[in-house]
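Trainee: A single structure is presented below for examination.
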Amino acid sequence: MKTPGRRITAAATAREWAVVTIEGKSCIEGIAKQGLVQRTGLSTRDLRAVDPGLSYPSSILGRERAIVVNLEHIKAIITASEVLLSNSRDPLVEPVRRELESRLAGATQKLLSPNNAQGGQESTNDVPRGATTKALPFEFRALELCLELASKRLEMETLALEKEAYPALDELTHNVSTLNLERVRQIKSRLVGISSRVQKIRDELEHLLDDDVDMAFMHLSEKLMYQASVGQSSRFDFYKQPPQSSEESDGDHEEEDALQEEKDDENENETVIGFRPNLDELEMLLEAYFVQSEGILNKLATLREYVDDTEDYINIMLDDKQNQLLQMGVMLSTATMILSLGITIVGLLGMNIHIPLFDVSPSLSFWEATGGVIGGSLGLYIIILAYYRKRKLL
């Protein structure tokens, strides 16, 4: 007998997912972790990659019955017939859901249209030789949309950063102030963050392109057709589990999660036998967005070089001003030394002692002494400055 307390616990552990079907219809469903494991065949470790409460690097994981997509704000599980979007209440996820609905509904109508169903000679004559009119499988269309939206968001952030960065850097070169330096510091911080995010997506796409086994796992629809044609598949059998009652303890769930993760670890070490899909479509899809990520990285690298050049220019300007200040300090120190020497001479002449110089006319001796001290000080100062310039100290 199910108790109310256990029903509340089961409902509390269920998380809302936006489910978009192959026909382009969507709904919000509350799915618990165990129900999601049975529905998609994923391990609890794979589900952590799409947990909105955890921070995982960008990744695309091909599994036996699903593709796990974690790209920027898009955390989705793609199967052969539906897409499950995590964190469905997030304002950033809502446009993804609407775009999936429109794209998938439009693709379904196009496939079911009379012109496409006829597939006559007229439609094939317009296609270049070597090209194909075969529509992409559902999982590839959903994956393409996730990659497109993630790349578009990064590209928009890159363009916005470029529009803000170049004027700020130019302003800094003309006016080195605390405000301008703080603006450039914030821009550089954003630049590092965006570059890191784009680099992660680029590395993940490169990893997939270099691994044919991972790409083979992502052919979900073709695997289903292969199983139907062969009749059985020891490698791609669905992982089924009887429904669990609410009386089972939480400890049983944890043990089952651990056993499931061990089973998935063993499966990942196996090789695909007997299933040889055509990887050309997926390779072209991934290469297109790999090239796009490379282009974004090139823009960011150009901006980084401009920032580095501006920093070098600012450092040169500051060094030049520092050198000018040092030269001014040397000149002032020399002037102070000469002035101190003149004051010393005046002090000696002002002593209350009798010397022959005091026997001459008072007015004449005063101006001669004053002119001699001032002229001697200026002459000595000029000689010292000339010596500094000759030794290239100034």
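Residues in the structure tokens are named by chain (A, B, ... in the order shown) and by number from 1 within that chain; ligands are numbered from 1 in the order shown.
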Need the shell around Val50 of chain A: protein/DNA/RNA residues with any atom at most 7 Å away, counting only C-alpha atoms. Skip same-chain ones fewer than 6 positions apart. Format as a PyMOL selection string?
Mentor: chain A and resi 70+75-76+86
Trainee: Residues within 8 Å of Val83 of chain A, please, as a PyMOL selection string. Count only C-alpha atoms; anything in the same chain fewer than 2 positions from it doesn't count.
Mentor: chain A and resi 18-21+76-79+81+85+142
Trainee: Put those residues in a file: N, CA and C atoms, as a compact mmCIF listing (two decimals), in the first residue's frame.
Mentor:
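The resulting again.txt:
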# COMPACT_ATOMS: atom_id res chain seq x y z
N ALA A 18 11.20 19.58 -20.33
CA ALA A 18 10.45 19.96 -21.53
C ALA A 18 10.69 18.89 -22.59
N VAL A 19 9.65 18.18 -22.97
CA VAL A 19 9.76 17.06 -23.91
C VAL A 19 9.22 17.52 -25.26
N VAL A 20 10.05 17.43 -26.29
CA VAL A 20 9.67 17.78 -27.65
C VAL A 20 9.73 16.51 -28.49
N THR A 21 8.61 16.13 -29.08
CA THR A 21 8.54 14.90 -29.84
C THR A 21 9.01 15.12 -31.27
N ALA A 76 20.40 18.91 -22.80
CA ALA A 76 19.34 18.12 -23.42
C ALA A 76 19.75 16.66 -23.55
N ILE A 77 18.72 15.81 -23.62
CA ILE A 77 18.89 14.39 -23.91
C ILE A 77 18.10 14.10 -25.19
N ILE A 78 18.80 13.64 -26.19
CA ILE A 78 18.18 13.39 -27.50
C ILE A 78 18.07 11.89 -27.70
N THR A 79 16.88 11.42 -27.95
CA THR A 79 16.66 10.03 -28.31
C THR A 79 16.24 9.96 -29.78
N SER A 81 13.35 9.57 -30.87
CA SER A 81 11.99 10.03 -31.11
C SER A 81 11.61 11.28 -30.33
N LEU A 85 14.58 18.50 -22.57
CA LEU A 85 15.33 19.69 -22.19
C LEU A 85 15.26 19.85 -20.68
N ALA A 142 18.03 17.46 -34.27
CA ALA A 142 18.01 18.05 -32.93
C ALA A 142 19.40 18.46 -32.48
Trainee: Please determine, counting only C-alpha atoms, which residue among A:Arg202, A:Arg39, A:His73, A:Lys392 has the shortest atom-to-atom distance to Val291 of chain A.
Mentor: A:Arg202
Trainee: Counting only C-alpha atoms, what is within 8 Å of segment 306-320 of chain A, bar same-chain residues fewer than 6 positions away, as a short mmCIF file (atom, residue, chain, number, x, y, z; two decimals) with C-alpha atoms, in the first residue's frame?
Mentor:
data_model
loop_
_atom_site.label_atom_id
_atom_site.label_comp_id
_atom_site.auth_asym_id
_atom_site.auth_seq_id
_atom_site.Cartn_x
_atom_site.Cartn_y
_atom_site.Cartn_z
CA LEU A 169 41.01 50.27 -26.20
CA THR A 173 45.54 54.85 -25.75
CA VAL A 176 45.14 56.52 -19.55
CA LYS A 188 39.74 41.28 -20.90
#
Trainee: What separation in Å, quoted to one decimal, exists between atom CA of Pro137 of chain A and atom CA of Ala49 of chain A?
Mentor: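 Interatomic distance, atom CA of Pro137 of chain A to atom CA of Ala49 of chain A: 23.8 Å.
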Trainee: Could you tell me how far atom CA of Tyr226 of chain A lies from atom CA of Arg276 of chain A, in Å and to one decimal?
Mentor: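 Distance between the two atoms: 9.6 Å.
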Trainee: Find the spatial neighbours of Leu147 of chain A, counting only C-alpha atoms, within a cut-off of 9 Å - ignore same-chain residues fewer than 6 positions away - and output them as a list of chain:residue names.
Mentor: A:Leu71, A:Leu286, A:Tyr289
